[in-house]
$ cat start_29.cif   # mmCIF, C-alpha atoms
data_upload
loop_
_atom_site.label_atom_id
_atom_site.label_comp_id
_atom_site.auth_asym_id
_atom_site.auth_seq_id
_atom_site.Cartn_x
_atom_site.Cartn_y
_atom_site.Cartn_z
CA MET I 1 48.02 33.24 116.34
CA SER I 2 47.55 32.89 120.10
CA ASP I 3 45.28 30.27 121.64
CA ASP I 4 42.95 33.00 122.81
CA GLN I 5 42.47 34.26 119.28
CA SER I 6 41.81 30.85 117.83
CA LEU I 7 39.32 30.08 120.61
CA LEU I 8 37.56 33.34 119.92
CA SER I 9 37.35 32.74 116.19
CA ARG I 10 36.16 29.18 116.76
CA ARG I 11 33.46 30.39 119.12
CA LYS I 12 32.48 33.00 116.59
CA ALA I 13 32.32 30.37 113.88
CA LEU I 14 30.15 28.10 116.02
CA LYS I 15 27.85 31.03 116.75
CA CYS I 16 27.52 31.74 113.03
CA MET I 17 26.74 28.09 112.39
CA ALA I 18 24.03 28.18 115.04
CA PHE I 19 22.38 31.07 113.20
CA GLY I 20 22.26 28.94 110.08
CA GLY I 21 20.59 26.03 111.86
CA ALA I 22 17.05 24.84 111.47
CA GLY I 23 14.23 27.05 112.59
CA THR I 24 16.10 30.25 113.32
CA LEU I 25 14.06 33.35 112.62
CA PHE I 26 15.62 36.52 111.29
CA ALA I 27 13.56 39.60 111.94
CA LEU I 28 14.50 42.47 109.68
CA SER I 29 13.91 45.85 111.22
CA GLY I 30 15.35 48.98 109.62
CA GLY I 31 17.70 46.81 107.61
CA VAL I 32 19.17 45.01 110.62
CA PHE I 33 18.69 41.31 111.20
CA THR I 34 17.81 40.19 114.69
CA PRO I 35 17.95 36.46 115.28
CA ILE I 36 15.03 35.21 117.35
CA ASP I 37 14.33 31.73 118.64
CA LEU I 38 11.63 30.13 116.58
CA ALA I 39 9.04 27.62 117.61
CA MET I 40 8.28 26.41 114.12
CA ALA I 41 5.39 28.30 112.64
CA ALA I 42 4.11 25.56 110.41
CA SER I 43 2.25 23.73 113.15
CA ASP I 44 1.83 26.45 115.76
CA LYS I 45 -0.93 29.02 115.13
CA GLN I 46 0.27 31.46 117.80
CA SER I 47 3.83 31.54 116.49
CA ALA I 48 2.52 31.79 112.96
CA ALA I 49 0.45 34.84 113.90
CA LYS I 50 3.51 36.50 115.46
CA LEU I 51 5.49 35.91 112.29
CA GLY I 52 2.97 37.81 110.23
CA LYS I 53 1.58 36.83 106.88
CA PRO I 54 4.10 34.92 104.82
CA LEU I 55 4.72 37.08 101.79
CA PHE I 56 6.64 34.49 99.86
CA VAL I 57 8.74 31.39 100.17
CA GLN I 58 12.11 31.12 98.46
CA ILE I 59 13.00 27.74 96.98
CA SER I 60 16.40 27.32 95.39
CA ASP I 61 18.74 24.92 93.64
CA THR I 62 16.33 22.01 93.23
CA HIS I 63 18.73 20.44 90.65
CA ILE I 64 16.15 17.99 89.29
CA GLY I 65 18.11 15.33 87.39
CA PHE I 66 20.99 15.10 89.88
CA ASN I 67 21.37 11.47 90.97
CA LYS I 68 24.83 11.15 92.52
CA GLU I 69 25.83 9.98 95.96
CA ALA I 70 25.36 13.39 97.65
CA ASN I 71 21.57 12.91 97.18
CA PRO I 72 20.26 10.15 94.90
CA ASP I 73 16.65 11.37 95.38
CA VAL I 74 16.42 15.12 94.72
CA ALA I 75 12.81 14.70 93.53
CA GLY I 76 12.00 13.23 96.95
CA SER I 77 13.69 16.18 98.71
CA LEU I 78 11.71 18.65 96.59
CA THR I 79 8.49 16.76 97.39
CA GLN I 80 9.37 17.05 101.10
CA THR I 81 10.00 20.78 100.62
CA ILE I 82 6.64 21.21 98.90
CA ASP I 83 4.94 19.35 101.76
CA ILE I 84 6.50 21.81 104.25
CA VAL I 85 5.28 24.80 102.23
CA ASN I 86 1.83 23.29 101.74
CA GLY I 87 1.70 22.61 105.49
CA MET I 88 2.31 26.22 106.49
CA TYR I 89 -0.52 27.63 108.60
CA ASP I 90 -0.86 30.64 106.31
CA GLN I 91 -0.10 29.94 102.67
CA PRO I 92 2.44 32.35 101.15
CA ALA I 93 1.14 34.53 98.33
CA LEU I 94 4.11 33.74 96.10
CA ILE I 95 6.88 31.26 95.53
CA ILE I 96 10.24 32.55 94.32
CA HIS I 97 12.67 30.05 92.81
CA THR I 98 16.21 31.42 92.64
CA GLY I 99 17.46 29.07 89.95
CA ASP I 100 19.11 25.78 89.14
CA ILE I 101 15.67 24.25 88.76
CA THR I 102 17.37 21.44 86.83
CA HIS I 103 20.82 19.90 86.91
CA LEU I 104 21.58 19.50 83.18
CA SER I 105 18.94 21.68 81.42
CA LYS I 106 17.32 18.57 79.94
CA PRO I 107 13.68 18.74 78.79
CA ALA I 108 12.75 15.72 80.95
CA GLU I 109 14.26 17.42 84.02
CA PHE I 110 12.25 20.61 83.43
CA ASP I 111 9.11 18.53 82.86
CA LEU I 112 9.56 16.62 86.13
CA ALA I 113 10.27 19.86 88.03
CA GLN I 114 7.09 21.47 86.68
CA GLN I 115 5.11 18.37 87.51
CA LEU I 116 6.39 18.49 91.12
CA PHE I 117 5.80 22.26 91.42
CA SER I 118 2.18 21.76 90.33
CA ARG I 119 1.52 20.24 93.78
CA LEU I 120 2.18 23.59 95.48
CA ARG I 121 -0.97 25.09 96.97
CA THR I 122 0.48 28.51 96.15
CA THR I 123 0.29 28.64 92.38
CA GLU I 124 2.05 31.95 91.67
CA MET I 125 5.70 31.14 91.11
CA HIS I 126 8.42 33.52 89.91
CA THR I 127 11.75 32.18 88.68
CA VAL I 128 15.20 33.25 87.58
CA PRO I 129 17.54 30.76 85.88
CA GLY I 130 20.75 29.34 87.27
CA GLU I 131 23.72 28.37 85.12
CA HIS I 132 22.54 24.75 85.32
CA ASP I 133 19.28 25.82 83.64
CA THR I 134 21.05 27.47 80.72
CA SER I 135 23.68 24.80 79.99
CA ASP I 136 21.89 23.25 76.99
CA ALA I 137 23.82 23.96 73.80
CA ALA I 138 21.03 26.18 72.39
CA VAL I 139 20.03 27.85 75.73
CA THR I 140 16.33 27.44 74.92
CA GLU I 141 14.90 24.92 77.41
CA TYR I 142 14.53 27.34 80.35
CA PHE I 143 13.18 30.22 78.29
CA SER I 144 10.62 28.11 76.43
CA ARG I 145 9.06 27.27 79.80
CA PHE I 146 9.77 30.24 82.10
CA GLY I 147 10.68 33.03 79.67
CA LYS I 148 7.24 34.61 79.34
CA ALA I 149 7.44 36.88 82.43
CA SER I 150 10.61 38.52 81.14
CA ASP I 151 9.87 38.40 77.40
CA ASN I 152 12.75 35.89 77.20
CA LYS I 153 15.24 38.40 78.59
CA GLY I 154 15.54 36.76 82.02
CA TYR I 155 14.96 39.99 84.01
CA TYR I 156 11.64 41.54 85.05
CA SER I 157 9.85 43.23 87.92
CA PHE I 158 6.45 43.13 89.59
CA ASP I 159 4.67 44.51 92.63
CA HIS I 160 2.96 42.60 95.37
CA ALA I 161 1.62 43.76 98.76
CA GLY I 162 3.41 47.11 98.48
CA VAL I 163 6.77 45.43 97.82
CA HIS I 164 8.60 45.89 94.51
CA PHE I 165 10.22 42.65 93.30
CA ILE I 166 13.05 42.58 90.77
CA GLY I 167 14.20 39.28 89.22
CA LEU I 168 17.64 39.43 87.57
CA ILE I 169 19.77 37.09 85.47
CA ASN I 170 23.53 36.86 86.09
CA VAL I 171 24.36 33.46 84.58
CA LEU I 172 24.50 34.20 80.84
CA GLN I 173 27.41 36.53 80.25
CA PHE I 174 30.29 34.92 82.09
CA LYS I 175 33.68 36.46 81.73
CA PRO I 176 36.15 33.56 81.47
CA GLY I 177 37.87 33.07 84.78
CA GLY I 178 35.54 35.59 86.40
CA LEU I 179 32.26 36.04 88.17
CA GLY I 180 28.66 36.25 86.99
CA THR I 181 27.65 39.34 85.02
CA LEU I 182 24.49 41.44 84.82
CA GLY I 183 25.55 43.42 81.76
CA ALA I 184 24.90 46.99 80.60
CA ASP I 185 21.45 46.35 79.10
CA GLN I 186 20.08 44.83 82.29
CA LEU I 187 21.63 47.54 84.50
CA ASP I 188 20.08 50.24 82.28
CA TRP I 189 16.73 48.51 82.57
CA VAL I 190 17.02 48.46 86.40
CA ALA I 191 17.77 52.21 86.39
CA THR I 192 14.60 52.85 84.37
CA ASP I 193 12.59 50.45 86.52
CA LEU I 194 13.62 52.22 89.76
CA LYS I 195 13.62 55.79 88.46
CA HIS I 196 10.19 56.92 89.63
CA ARG I 197 9.93 54.72 92.68
CA SER I 198 9.79 56.30 96.12
CA SER I 199 12.73 55.48 98.40
CA SER I 200 10.25 54.16 100.96
CA THR I 201 9.20 51.31 98.65
CA PRO I 202 10.52 48.03 100.06
CA ILE I 203 12.58 46.28 97.39
CA VAL I 204 13.25 42.56 97.02
CA VAL I 205 15.93 41.67 94.44
CA PHE I 206 16.44 38.04 93.50
CA ALA I 207 18.98 36.38 91.22
CA HIS I 208 20.72 33.03 91.13
CA MET I 209 24.38 33.84 91.76
CA PRO I 210 25.23 35.94 94.82
CA LEU I 211 25.02 39.66 94.09
CA TRP I 212 27.96 40.30 96.36
CA THR I 213 31.36 38.62 96.33
CA ILE I 214 31.42 35.71 98.74
CA TYR I 215 34.38 33.82 97.25
CA GLU I 216 35.92 34.97 94.00
CA PRO I 217 38.09 31.89 93.24
CA TRP I 218 34.90 29.82 92.94
CA GLY I 219 33.00 32.51 91.06
CA TRP I 220 30.67 33.13 94.02
CA GLY I 221 29.76 36.67 93.10
CA THR I 222 28.71 39.03 90.31
CA GLY I 223 31.40 41.15 88.68
CA ASP I 224 29.31 44.27 88.03
CA SER I 225 26.99 44.05 91.06
CA GLU I 226 28.29 47.35 92.47
CA GLN I 227 26.53 49.15 89.60
CA LEU I 228 23.31 47.57 90.83
CA MET I 229 23.95 48.31 94.52
CA SER I 230 24.62 51.98 93.82
CA GLN I 231 21.09 52.21 92.40
CA LEU I 232 19.56 50.45 95.41
CA ARG I 233 21.28 52.35 98.25
CA ARG I 234 18.73 55.17 98.40
CA PHE I 235 15.94 52.75 99.33
CA GLY I 236 15.00 52.25 102.97
CA SER I 237 14.57 48.49 102.82
CA VAL I 238 16.33 46.27 100.31
CA THR I 239 16.41 42.49 100.58
CA VAL I 240 18.73 40.66 98.18
CA LEU I 241 18.07 36.94 97.80
CA ASN I 242 20.32 34.48 95.98
CA GLY I 243 20.99 30.75 95.69
CA HIS I 244 23.87 29.03 93.90
CA ILE I 245 26.10 28.18 96.87
CA HIS I 246 23.71 25.72 98.60
CA GLN I 247 24.19 27.18 102.06
CA ILE I 248 23.15 30.20 104.10
CA VAL I 249 25.46 33.21 104.03
CA GLN I 250 24.27 36.64 105.12
CA LYS I 251 25.46 40.20 105.15
CA VAL I 252 23.91 43.50 106.17
CA GLU I 253 25.11 46.73 104.58
CA GLY I 254 23.22 49.91 105.46
CA ASN I 255 19.57 49.22 104.63
CA MET I 256 20.46 46.25 102.44
CA THR I 257 20.22 42.69 103.66
CA PHE I 258 21.88 39.95 101.61
CA HIS I 259 20.91 36.33 102.04
CA THR I 260 21.71 33.11 100.19
CA ALA I 261 19.34 30.17 100.58
CA ARG I 262 19.95 26.52 101.22
CA SER I 263 19.39 24.14 98.33
CA THR I 264 16.66 21.51 98.36
CA SER I 265 18.98 19.05 96.55
CA TYR I 266 22.49 18.69 97.98
CA PRO I 267 24.87 20.71 100.15
CA GLN I 268 28.10 22.28 98.91
CA PRO I 269 31.35 22.86 100.82
CA VAL I 270 32.01 26.16 102.55
CA ALA I 271 34.10 28.57 100.49
CA GLY I 272 37.57 27.31 99.61
CA VAL I 273 37.28 23.83 101.16
CA GLY I 274 38.18 21.14 98.61
CA SER I 275 38.86 21.31 94.88
CA GLY I 276 35.71 23.15 93.89
CA PRO I 277 32.04 23.90 94.56
CA GLY I 278 30.74 20.40 93.78
CA PRO I 279 28.25 18.18 95.61
CA LEU I 280 29.22 17.60 99.24
CA LYS I 281 28.69 14.05 100.48
CA VAL I 282 27.43 13.95 104.06
CA PRO I 283 26.07 11.05 106.15
CA ALA I 284 22.45 10.29 105.16
CA ASP I 285 21.10 11.24 108.60
CA GLN I 286 22.62 14.74 108.28
CA LEU I 287 21.46 15.51 104.75
CA ALA I 288 17.98 16.85 105.53
CA SER I 289 19.37 19.32 108.08
CA MET I 290 21.51 20.86 105.32
CA LEU I 291 18.65 21.32 102.85
CA GLY I 292 15.79 23.77 103.17
CA ILE I 293 13.80 26.85 102.24
CA THR I 294 13.54 30.50 103.24
CA SER I 295 10.21 32.11 103.97
CA VAL I 296 9.76 35.87 104.04
CA SER I 297 6.90 37.46 105.95
CA VAL I 298 5.51 40.92 106.35
CA VAL I 299 5.31 41.96 109.99
CA LYS I 300 2.84 44.82 110.45
CA HIS I 301 4.33 47.04 107.73
CA PRO I 302 5.76 46.00 104.38
CA SER I 303 9.08 47.65 105.22
CA ALA I 304 9.55 45.16 108.05
CA LEU I 305 10.29 41.93 106.24
CA THR I 306 11.15 38.83 108.22
CA LEU I 307 13.33 36.04 106.88
CA ASN I 308 12.94 32.58 108.26
CA ASP I 309 15.12 29.66 107.19
CA THR I 310 13.66 26.20 107.57
CA ALA I 311 15.65 23.00 107.11
CA LEU I 312 13.97 19.83 105.86
CA ALA I 313 14.79 18.21 109.23
CA MET N 1 40.79 4.07 87.50
CA VAL N 2 43.09 6.67 89.06
CA ALA N 3 46.11 5.10 87.37
CA ALA N 4 44.34 5.10 83.99
CA SER N 5 43.36 8.75 84.13
CA ALA N 6 46.83 9.69 85.39
CA ARG N 7 48.31 7.90 82.36
CA LEU N 8 45.98 9.78 80.05
CA LEU N 9 46.96 13.02 81.71
CA VAL N 10 50.67 12.24 81.25
CA ALA N 11 50.02 11.41 77.60
CA ALA N 12 48.09 14.63 77.08
CA LEU N 13 50.77 16.67 78.84
CA SER N 14 53.50 15.18 76.68
CA VAL N 15 51.56 16.20 73.59
CA ALA N 16 51.42 19.76 74.90
CA ILE N 17 55.08 19.89 75.88
CA LEU N 18 56.40 18.17 72.77
CA GLY N 19 54.07 20.22 70.59
CA GLY N 20 55.95 23.30 71.67
CA MET N 21 59.31 21.72 70.82
CA GLY N 22 58.79 20.33 67.36
CA GLY N 23 55.99 19.37 65.01
CA SER N 24 57.29 15.94 64.06
CA ILE N 25 57.59 14.62 67.62
CA ALA N 26 54.13 16.02 68.47
CA ALA N 27 52.69 14.29 65.42
CA ALA N 28 54.12 10.99 66.60
CA ALA N 29 52.54 11.46 70.02
CA GLU N 30 49.18 12.36 68.46
CA SER N 31 49.00 9.35 66.22
CA ALA N 32 49.56 7.14 69.27
CA ASP N 33 46.69 8.73 71.19
CA PRO N 34 43.82 10.97 69.95
CA PRO N 35 43.97 14.41 71.62
CA LYS N 36 41.96 14.55 74.84
CA VAL N 37 41.26 17.14 77.49
CA MET N 38 40.32 15.64 80.83
CA VAL N 39 37.90 17.67 82.96
CA LYS N 40 38.64 16.83 86.57
CA ASP N 41 38.62 18.60 89.93
CA PHE N 42 37.17 21.73 88.29
CA MET N 43 40.08 22.02 85.84
CA PHE N 44 40.76 21.34 82.17
CA MET N 45 43.85 19.14 81.94
CA PRO N 46 45.99 20.03 80.18
CA MET N 47 45.03 23.69 80.31
CA SER N 48 46.72 24.17 76.93
CA LEU N 49 46.82 21.52 74.24
CA THR N 50 48.62 21.79 70.88
CA VAL N 51 47.27 19.76 67.95
CA LYS N 52 47.69 19.64 64.17
CA ALA N 53 45.06 21.20 61.91
CA GLY N 54 42.36 18.62 61.17
CA SER N 55 42.56 17.02 64.63
CA THR N 56 39.45 16.20 66.61
CA VAL N 57 39.80 17.07 70.29
CA THR N 58 37.66 15.20 72.81
CA TRP N 59 36.81 16.50 76.28
CA VAL N 60 35.91 13.95 78.97
CA ASN N 61 34.16 14.99 82.19
CA MET N 62 35.58 13.00 85.12
CA ASP N 63 33.84 15.05 87.86
CA ASP N 64 30.60 14.32 89.74
CA GLU N 65 29.61 17.84 88.74
CA PRO N 66 28.49 18.67 85.17
CA HIS N 67 30.71 20.89 83.03
CA THR N 68 30.42 22.48 79.60
CA VAL N 69 32.97 23.36 76.93
CA VAL N 70 32.20 26.75 75.40
CA SER N 71 34.38 28.60 72.90
CA ASN N 72 35.03 32.25 73.77
CA THR N 73 34.13 33.14 70.18
CA GLN N 74 30.98 30.94 70.07
CA MET N 75 32.76 28.62 67.59
CA PHE N 76 31.70 25.55 69.60
CA ARG N 77 29.49 24.92 72.59
CA SER N 78 28.76 21.58 74.26
CA GLY N 79 25.65 20.98 76.25
CA ALA N 80 26.08 20.07 79.92
CA LEU N 81 28.32 17.01 80.18
CA ASP N 82 27.40 14.71 83.02
CA THR N 83 29.96 12.39 84.61
CA LYS N 84 31.92 10.44 81.95
CA GLU N 85 30.14 12.17 79.04
CA THR N 86 32.30 13.50 76.23
CA PHE N 87 32.27 16.32 73.68
CA SER N 88 34.36 16.42 70.49
CA PHE N 89 35.21 19.20 68.05
CA LYS N 90 37.29 19.09 64.87
CA PHE N 91 39.76 21.97 64.45
CA THR N 92 40.40 22.57 60.76
CA GLU N 93 42.08 26.00 60.81
CA PRO N 94 45.36 26.84 62.57
CA GLY N 95 44.94 29.30 65.44
CA THR N 96 44.57 29.69 69.19
CA TYR N 97 41.16 28.80 70.58
CA HIS N 98 40.17 29.68 74.13
CA PHE N 99 37.31 27.96 75.91
CA THR N 100 35.62 27.95 79.29
CA CYS N 101 33.02 26.04 81.31
CA SER N 102 29.84 28.11 81.34
CA ILE N 103 28.79 26.55 84.64
CA HIS N 104 32.14 27.29 86.33
CA PRO N 105 33.62 30.22 84.40
CA ARG N 106 36.88 30.17 86.34
CA MET N 107 37.68 26.94 84.42
CA VAL N 108 39.56 28.00 81.29
CA GLY N 109 41.61 26.20 78.62
CA THR N 110 43.25 26.70 75.25
CA ILE N 111 43.65 24.61 72.10
CA VAL N 112 46.52 25.67 69.85
CA VAL N 113 46.07 24.39 66.30
CA GLN N 114 49.22 24.30 64.15
#

$ encode --input "start_29.cif" --output "structure tokens"
Amino acid sequence: MSDDQSLLSRRKALKCMAFGGAGTLFALSGGVFTPIDLAMAASDKQSAAKLGKPLFVQISDTHIGFNKEANPDVAGSLTQTIDIVNGMYDQPALIIHTGDITHLSKPAEFDLAQQLFSRLRTTEMHTVPGEHDTSDAAVTEYFSRFGKASDNKGYYSFDHAGVHFIGLINVLQFKPGGLGTLGADQLDWVATDLKHRSSSTPIVVFAHMPLWTIYEPWGWGTGDSEQLMSQLRRFGSVTVLNGHIHQIVQKVEGNMTFHTARSTSYPQPVAGVGSGPGPLKVPADQLASMLGITSVSVVKHPSALTLNDTALA
Amino acid sequence: MVAASARLLVAALSVAILGGMGGSIAAAAESADPPKVMVKDFMFMPMSLTVKAGSTVTWVNMDDEPHTVVSNTQMFRSGALDTKETFSFKFTEPGTYHFTCSIHPRMVGTIVVQ
């Protein structure tokens, strides 16, 4: 590789990192993200008005129960996150949690998480489980608390403000050595759910593990996601939101925008760096900048969704 | 700490290697050390372990990240094992038993029961 090429790729990498930094706004127009400088909306009424009404805030990977060096106080980080959401000028209508609520699926961890969530001014919260929420031997702790919306199946849909939301589960049927799986039953249900919907309906799909392959050796993807994407391609605006990898990665494909959220608990290494996707230890003064939330707003028309990533610091 | 786990790993590997060569030598190795699978750096070590019928295998999580031990046939399933937590299962019938970590499904291992 020539020096020119490596300089170019380094510059490109730095540019990408800048997009992932605190307070960058992503305006979604016709399926294309446009990064815009953001004067943080939480405290600034004029900026908040320009951003439109926040439709929902995505919180992910809270990992309540984690207590290792990478972040000994995940409850404190979640409290900070909740303060940011509660401090927004316009309260979002919904909260979406994209999984790994807890670290070890223990009842006490779920109880603490629910106790912390009860401080949110926005009370309507929709969840999907992560693999850390379904790691109890009987796989009952998550569903006994959050299973009602999906009749304990883990997948469900609802409508809000003209947007059709679909919550999916891809952490139950792992193929050994492989990626997450949606499974035939769930894919059939999606087909039925979308069948009579107009292609102009904006769609938001959320699931824990990425619904596109980011890094197969670490299982950062969903094996049968193409069967889902083929059903979504006819829609004019599709936003796919995931967690799992504790960092922002984005992709635009036609009218579909894919986005993974930061965690509120601890960062993870970028794909392929180190022995595996475990907690990444960073200096304490850098931690907050690597944790955060995503807020999604409606600008003028529901088909124009805006994604805005906010770090804790 | 590193030396201790490396020794355990060597012991476990010798069980696997010797197990393939002859039952009597493997039995000697087993009686010296109960069969263990170390879970470290997102891997089961050894990936394949041969034991005699009636042996109890113990998995030990050495990572900062939780792992599980889940049989591909639902024969056994641990809950999430935090750092240094263990899970044990007694294999009574000869056969080949595959398992995975449900949190990190690329982690796979095999217990061969003779």

$ residues_around --input "start_29.cif" --residues "Ala288 (chain I)" --least-positions-apart "4" --cutoff "12 Å" --atoms "all atoms listed in the file" --output "list in words"
Gly21, Ala22, Ala70, Asn71, Asp73, Val74, Gly76, Ser77, Leu78, Gln80, Thr81, Arg262, Ser263, Thr264, Ser265, Tyr266, Pro267, Val282, Pro283, Ala284, Gly292, Ile293, Thr310, Ala311, Leu312 and Ala313 of chain I

$ resolve_selection --input "start_29.cif" --expression "the PyMOL selection byres ((chain I and resi 236) around 6)" --output "PyMOL selection string"
chain I and resi 200+235+237+255

$ resolve_selection --input "start_29.cif" --expression "the PyMOL selection byres ((chain N and resi 111) around 10)" --output "PyMOL selection string"
chain N and resi 16+37+46-51+57+91+94-99+109-110+112-114

$ write_last_selection --input "start_29.cif" --atoms "C-alpha atoms" --output "PDB file, keeping the file's coordinate frame"
ATOM      1  CA  ALA N  16      51.420  19.760  74.900  1.00  0.00           C
ATOM      2  CA  VAL N  37      41.260  17.140  77.490  1.00  0.00           C
ATOM      3  CA  PRO N  46      45.990  20.030  80.180  1.00  0.00           C
ATOM      4  CA  MET N  47      45.030  23.690  80.310  1.00  0.00           C
ATOM      5  CA  SER N  48      46.720  24.170  76.930  1.00  0.00           C
ATOM      6  CA  LEU N  49      46.820  21.520  74.240  1.00  0.00           C
ATOM      7  CA  THR N  50      48.620  21.790  70.880  1.00  0.00           C
ATOM      8  CA  VAL N  51      47.270  19.760  67.950  1.00  0.00           C
ATOM      9  CA  VAL N  57      39.800  17.070  70.290  1.00  0.00           C
ATOM     10  CA  PHE N  91      39.760  21.970  64.450  1.00  0.00           C
ATOM     11  CA  PRO N  94      45.360  26.840  62.570  1.00  0.00           C
ATOM     12  CA  GLY N  95      44.940  29.300  65.440  1.00  0.00           C
ATOM     13  CA  THR N  96      44.570  29.690  69.190  1.00  0.00           C
ATOM     14  CA  TYR N  97      41.160  28.800  70.580  1.00  0.00           C
ATOM     15  CA  HIS N  98      40.170  29.680  74.130  1.00  0.00           C
ATOM     16  CA  PHE N  99      37.310  27.960  75.910  1.00  0.00           C
ATOM     17  CA  GLY N 109      41.610  26.200  78.620  1.00  0.00           C
ATOM     18  CA  THR N 110      43.250  26.700  75.250  1.00  0.00           C
ATOM     19  CA  VAL N 112      46.520  25.670  69.850  1.00  0.00           C
ATOM     20  CA  VAL N 113      46.070  24.390  66.300  1.00  0.00           C
ATOM     21  CA  GLN N 114      49.220  24.300  64.150  1.00  0.00           C
TER      22      GLN N 114
END

$ resolve_selection --input "start_29.cif" --expression "the PyMOL selection byres ((chain N) within 10 of (chain I))" --output "NGL selection string"
:N and (40-43 or 63-70 or 72 or 76-83 or 98-109)

$ axis_aligned_box --input "start_29.cif" --around "region 44-49 of chain N" --padding-each-side "4 Å" --output "AutoDock Vina command-line options"
--center_x 43.8 --center_y 21.7 --center_z 78.2 --size_x 14.1 --size_y 13.0 --size_z 15.9

$ residues_near_point --input "start_29.cif" --point "(16.6, 36.3, 94.0)" --cutoff "8 Å" --atoms "all atoms listed in the file" --output "PyMOL selection string"
chain I and resi 96-98+128+166-168+204-208+240-243

$ atom_distance --input "start_29.cif" --atom1 "CA of Lys36 (chain N)" --atom2 "CA of Lys52 (chain N)"
13.1 Å

$ atom_distance --input "start_29.cif" --atom1 "CA of Thr222 (chain I)" --atom2 "CA of Leu305 (chain I)"
24.5 Å

$ atom_distance --input "start_29.cif" --atom1 "CA of Glu124 (chain I)" --atom2 "CA of Phe158 (chain I)"
12.2 Å

$ residues_near_point --input "start_29.cif" --point "(7.1, 29.4, 99.2)" --cutoff "10 Å" --atoms "all atoms listed in the file" --output "number ranges by chain"
I: 54-59, 81-82, 84-86, 88, 91-97, 120-125, 293-296

$ build_atoms --input "start_29.cif" --residues "region 81-93 of chain N" --atoms "N, CA and C atoms" --output "mmCIF file, in the frame of the given file"
data_model
loop_
_atom_site.group_PDB
_atom_site.id
_atom_site.type_symbol
_atom_site.label_atom_id
_atom_site.label_comp_id
_atom_site.auth_asym_id
_atom_site.auth_seq_id
_atom_site.Cartn_x
_atom_site.Cartn_y
_atom_site.Cartn_z
ATOM 1 N N LEU N 81 27.793 18.363 80.197
ATOM 2 C CA LEU N 81 28.320 17.010 80.180
ATOM 3 C C LEU N 81 28.224 16.436 81.588
ATOM 4 N N ASP N 82 27.471 15.377 81.724
ATOM 5 C CA ASP N 82 27.400 14.710 83.020
ATOM 6 C C ASP N 82 28.667 13.847 83.189
ATOM 7 N N THR N 83 28.785 13.205 84.332
ATOM 8 C CA THR N 83 29.960 12.390 84.610
ATOM 9 C C THR N 83 30.205 11.384 83.485
ATOM 10 N N LYS N 84 31.446 11.359 82.995
ATOM 11 C CA LYS N 84 31.920 10.440 81.950
ATOM 12 C C LYS N 84 31.378 10.750 80.551
ATOM 13 N N GLU N 85 30.589 11.787 80.394
ATOM 14 C CA GLU N 85 30.140 12.170 79.040
ATOM 15 C C GLU N 85 31.265 12.925 78.334
ATOM 16 N N THR N 86 31.231 12.868 76.992
ATOM 17 C CA THR N 86 32.300 13.500 76.230
ATOM 18 C C THR N 86 31.738 14.482 75.210
ATOM 19 N N PHE N 87 32.606 15.367 74.753
ATOM 20 C CA PHE N 87 32.270 16.320 73.680
ATOM 21 C C PHE N 87 33.479 16.393 72.756
ATOM 22 N N SER N 88 33.247 16.364 71.436
ATOM 23 C CA SER N 88 34.360 16.420 70.490
ATOM 24 C C SER N 88 34.159 17.560 69.501
ATOM 25 N N PHE N 89 35.267 18.139 69.070
ATOM 26 C CA PHE N 89 35.210 19.200 68.050
ATOM 27 C C PHE N 89 36.434 19.078 67.159
ATOM 28 N N LYS N 90 36.193 19.204 65.838
ATOM 29 C CA LYS N 90 37.290 19.090 64.870
ATOM 30 C C LYS N 90 37.826 20.489 64.522
ATOM 31 N N PHE N 91 39.128 20.671 64.735
ATOM 32 C CA PHE N 91 39.760 21.970 64.450
ATOM 33 C C PHE N 91 40.416 21.899 63.069
ATOM 34 N N THR N 92 39.873 22.641 62.114
ATOM 35 C CA THR N 92 40.400 22.570 60.760
ATOM 36 C C THR N 92 41.408 23.687 60.457
ATOM 37 N N GLU N 93 41.228 24.844 61.107
ATOM 38 C CA GLU N 93 42.080 26.000 60.810
ATOM 39 C C GLU N 93 43.118 26.220 61.909
#
